[in-house]
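Colleague: One structure follows; several queries about it will come next.
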Amino acid sequence: MNNIIQILAKYPQYLEKRSFKAGKTIFLENDTCKSIAAVKSGEISIKSYFSNGKEVTYNVLTEGQMFGNNLVFSSNPRYRGDVISLKDSEIWFLSKENLLKILKVTVKSLLPNMLCLINMSI
């Protein structure tokens, strides 16, 4: 199992787990990205279609890879292409709000330990 999946698995209460059949569109180009997403299983592509019929694939993602992580905190959090399931896939979504909750809890739990370490080194 990939590291991102292992990390997300520690926070099941914050995840939205969804399954997509092969060929299903997950997001359309210009949809707003509200979550980071990890491919638990399957395969997805991110691609654009042009009026002249040309199709450009930007990325193909497989188990353990993420998408949306570069957009969710962006000033323009819009998908640059359609996100499509190439194979039956399970995607784990972590909303921006829930990610911030996890970070807040993690920082709070780490802070006393960090302060203790700092005091020990003085």
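Chain labels run A, B, ... following the order of the structure tokens; each chain numbers its residues from 1, and ligands are numbered from 1 in the order shown.
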Residues near Ser48 of chain A, anyone? I mean within 7 Å using only C-alpha atoms, not counting same-chain ones fewer than 4 positions away, as a CSV table (one decimal) with C-alpha atoms, in the first residue's frame.

Modeller:
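Saved to out-v3.csv:
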chain,number,residue,atom,x,y,z
A,55,GLU,CA,-7.4,15.2,-27.3
A,56,VAL,CA,-4.5,15.8,-24.9
A,57,THR,CA,-3.8,13.6,-21.9
A,81,GLY,CA,-8.9,19.0,-17.8
A,82,ASP,CA,-11.6,16.3,-17.4

Colleague: I need the helix (DSSP H, G or I) residues of segment 2-112 of chain A per DSSP on the backbone, written as a CSV table (one decimal) with N, CA and C atoms, in the first residue's frame.

Modeller:
chain,number,residue,atom,x,y,z
A,3,ASN,N,2.2,5.1,0.6
A,3,ASN,CA,2.3,6.0,1.8
A,3,ASN,C,1.1,6.9,1.9
A,4,ILE,N,0.6,7.6,0.8
A,4,ILE,CA,-0.5,8.5,1.0
A,4,ILE,C,-1.8,7.7,1.4
A,5,ILE,N,-2.0,6.5,0.9
A,5,ILE,CA,-3.1,5.7,1.3
A,5,ILE,C,-3.0,5.3,2.8
A,6,GLN,N,-1.8,4.9,3.2
A,6,GLN,CA,-1.6,4.6,4.6
A,6,GLN,C,-1.9,5.8,5.5
A,7,ILE,N,-1.4,7.0,5.1
A,7,ILE,CA,-1.7,8.2,5.9
A,7,ILE,C,-3.1,8.5,5.9
A,8,LEU,N,-3.8,8.5,4.8
A,8,LEU,CA,-5.2,8.8,4.8
A,8,LEU,C,-6.1,7.8,5.6
A,9,ALA,N,-5.6,6.5,5.5
A,9,ALA,CA,-6.3,5.4,6.3
A,9,ALA,C,-6.4,5.7,7.8
A,12,PRO,N,-10.2,7.9,8.8
A,12,PRO,CA,-11.4,7.5,8.0
A,12,PRO,C,-12.6,8.4,8.2
A,13,GLN,N,-12.7,9.0,9.3
A,13,GLN,CA,-13.8,9.8,9.6
A,13,GLN,C,-13.8,11.1,8.8
A,14,TYR,N,-12.7,11.4,8.2
A,14,TYR,CA,-12.6,12.6,7.4
A,14,TYR,C,-12.7,12.4,5.8
A,96,LYS,N,-10.8,20.1,1.7
A,96,LYS,CA,-9.9,21.2,2.2
A,96,LYS,C,-10.1,21.4,3.6
A,97,GLU,N,-11.4,21.5,4.0
A,97,GLU,CA,-11.8,21.8,5.4
A,97,GLU,C,-11.3,20.7,6.3
A,98,ASN,N,-11.5,19.4,5.9
A,98,ASN,CA,-11.0,18.3,6.7
A,98,ASN,C,-9.5,18.2,6.8
A,99,LEU,N,-8.9,18.5,5.7
A,99,LEU,CA,-7.4,18.5,5.7
A,99,LEU,C,-6.9,19.5,6.7
A,100,LEU,N,-7.5,20.7,6.8
A,100,LEU,CA,-7.1,21.7,7.7
A,100,LEU,C,-7.4,21.2,9.2
A,101,LYS,N,-8.5,20.5,9.4
A,101,LYS,CA,-8.8,19.9,10.7
A,101,LYS,C,-7.7,19.0,11.1
A,102,ILE,N,-7.3,18.1,10.2
A,102,ILE,CA,-6.2,17.1,10.5
A,102,ILE,C,-4.9,17.8,10.8
A,103,LEU,N,-4.6,18.9,10.1
A,103,LEU,CA,-3.4,19.6,10.3
A,103,LEU,C,-3.4,20.3,11.7
A,104,LYS,N,-4.5,20.8,12.0
A,104,LYS,CA,-4.7,21.5,13.3
A,104,LYS,C,-4.5,20.5,14.5
A,105,VAL,N,-5.1,19.4,14.4
A,105,VAL,CA,-5.0,18.4,15.4
A,105,VAL,C,-3.5,17.9,15.5
A,106,THR,N,-2.9,17.6,14.3
A,106,THR,CA,-1.6,17.1,14.3
A,106,THR,C,-0.6,18.1,14.9
A,107,VAL,N,-0.7,19.4,14.5
A,107,VAL,CA,0.2,20.4,15.1
A,107,VAL,C,0.0,20.5,16.6
A,108,LYS,N,-1.3,20.5,17.0
A,108,LYS,CA,-1.5,20.6,18.5
A,108,LYS,C,-0.9,19.4,19.2
A,109,SER,N,-0.9,18.2,18.6
A,109,SER,CA,-0.3,17.1,19.3
A,109,SER,C,1.2,17.1,19.2
A,110,LEU,N,1.8,17.7,18.2
A,110,LEU,CA,3.2,17.7,18.0
A,110,LEU,C,3.9,18.8,18.8
A,111,LEU,N,3.1,19.9,19.0
A,111,LEU,CA,3.7,21.1,19.7
A,111,LEU,C,4.3,20.8,21.1
A,112,PRO,N,3.5,20.2,22.0
A,112,PRO,CA,4.1,19.9,23.3
A,112,PRO,C,5.4,19.0,23.2

Colleague: Between A:Ile44, A:Ala38, A:Ala22, A:Val72, which residue has the minimum interatomic distance to Phe93 of chain A, considering only C-alpha atoms?

Modeller: A:Ala38

Colleague: Nearest to Gly68 of chain A among A:Lys17, A:Lys24, A:Lys54, A:Lys34, with distances taken over only C-alpha atoms: which residue is it?

Modeller: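 Among the listed residues, A:Lys34 lies closest to Gly68 of chain A.
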
Colleague: Find the distance between atom CA of Glu29 of chain A and atom CA of Arg80 of chain A and write it in Å to one decimal.

Modeller: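 Result for atom CA of Glu29 of chain A versus atom CA of Arg80 of chain A: 5.4 Å, one decimal.
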
Colleague: Find the residue from A:Leu28, A:Leu61, A:Met66, A:Val83 that sits nearest to Ile46 of chain A; use only C-alpha atoms when measuring.

Modeller: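 The closest residue to Ile46 of chain A is A:Val83.
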
Colleague: So which residues of chain A fall under strand (DSSP E or B) by DSSP, listed as a PyMOL selection string?

Modeller: chain A and resi 15-20+25-27+32+35-41+43-49+55-62+66-67+78+82-85+89-95

Colleague: I'd like the neighbourhood of segment 73-79 of chain A as a list in words, where a residue qualifies if any of its atoms comes within 6 Å (using only C-alpha atoms), though same-chain residues fewer than 3 positions away should be ignored.

Modeller: Glu29, Asn30, Asp31, Thr32 and Cys33 of chain A

Colleague: Ranking A:Ser35, A:Ser45, A:Ser95, A:Gln65 by minimum distance to Gly23 of chain A and counting only C-alpha atoms, which one comes first?

Modeller: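 So, comparing all the options, the nearest one is A:Ser45.
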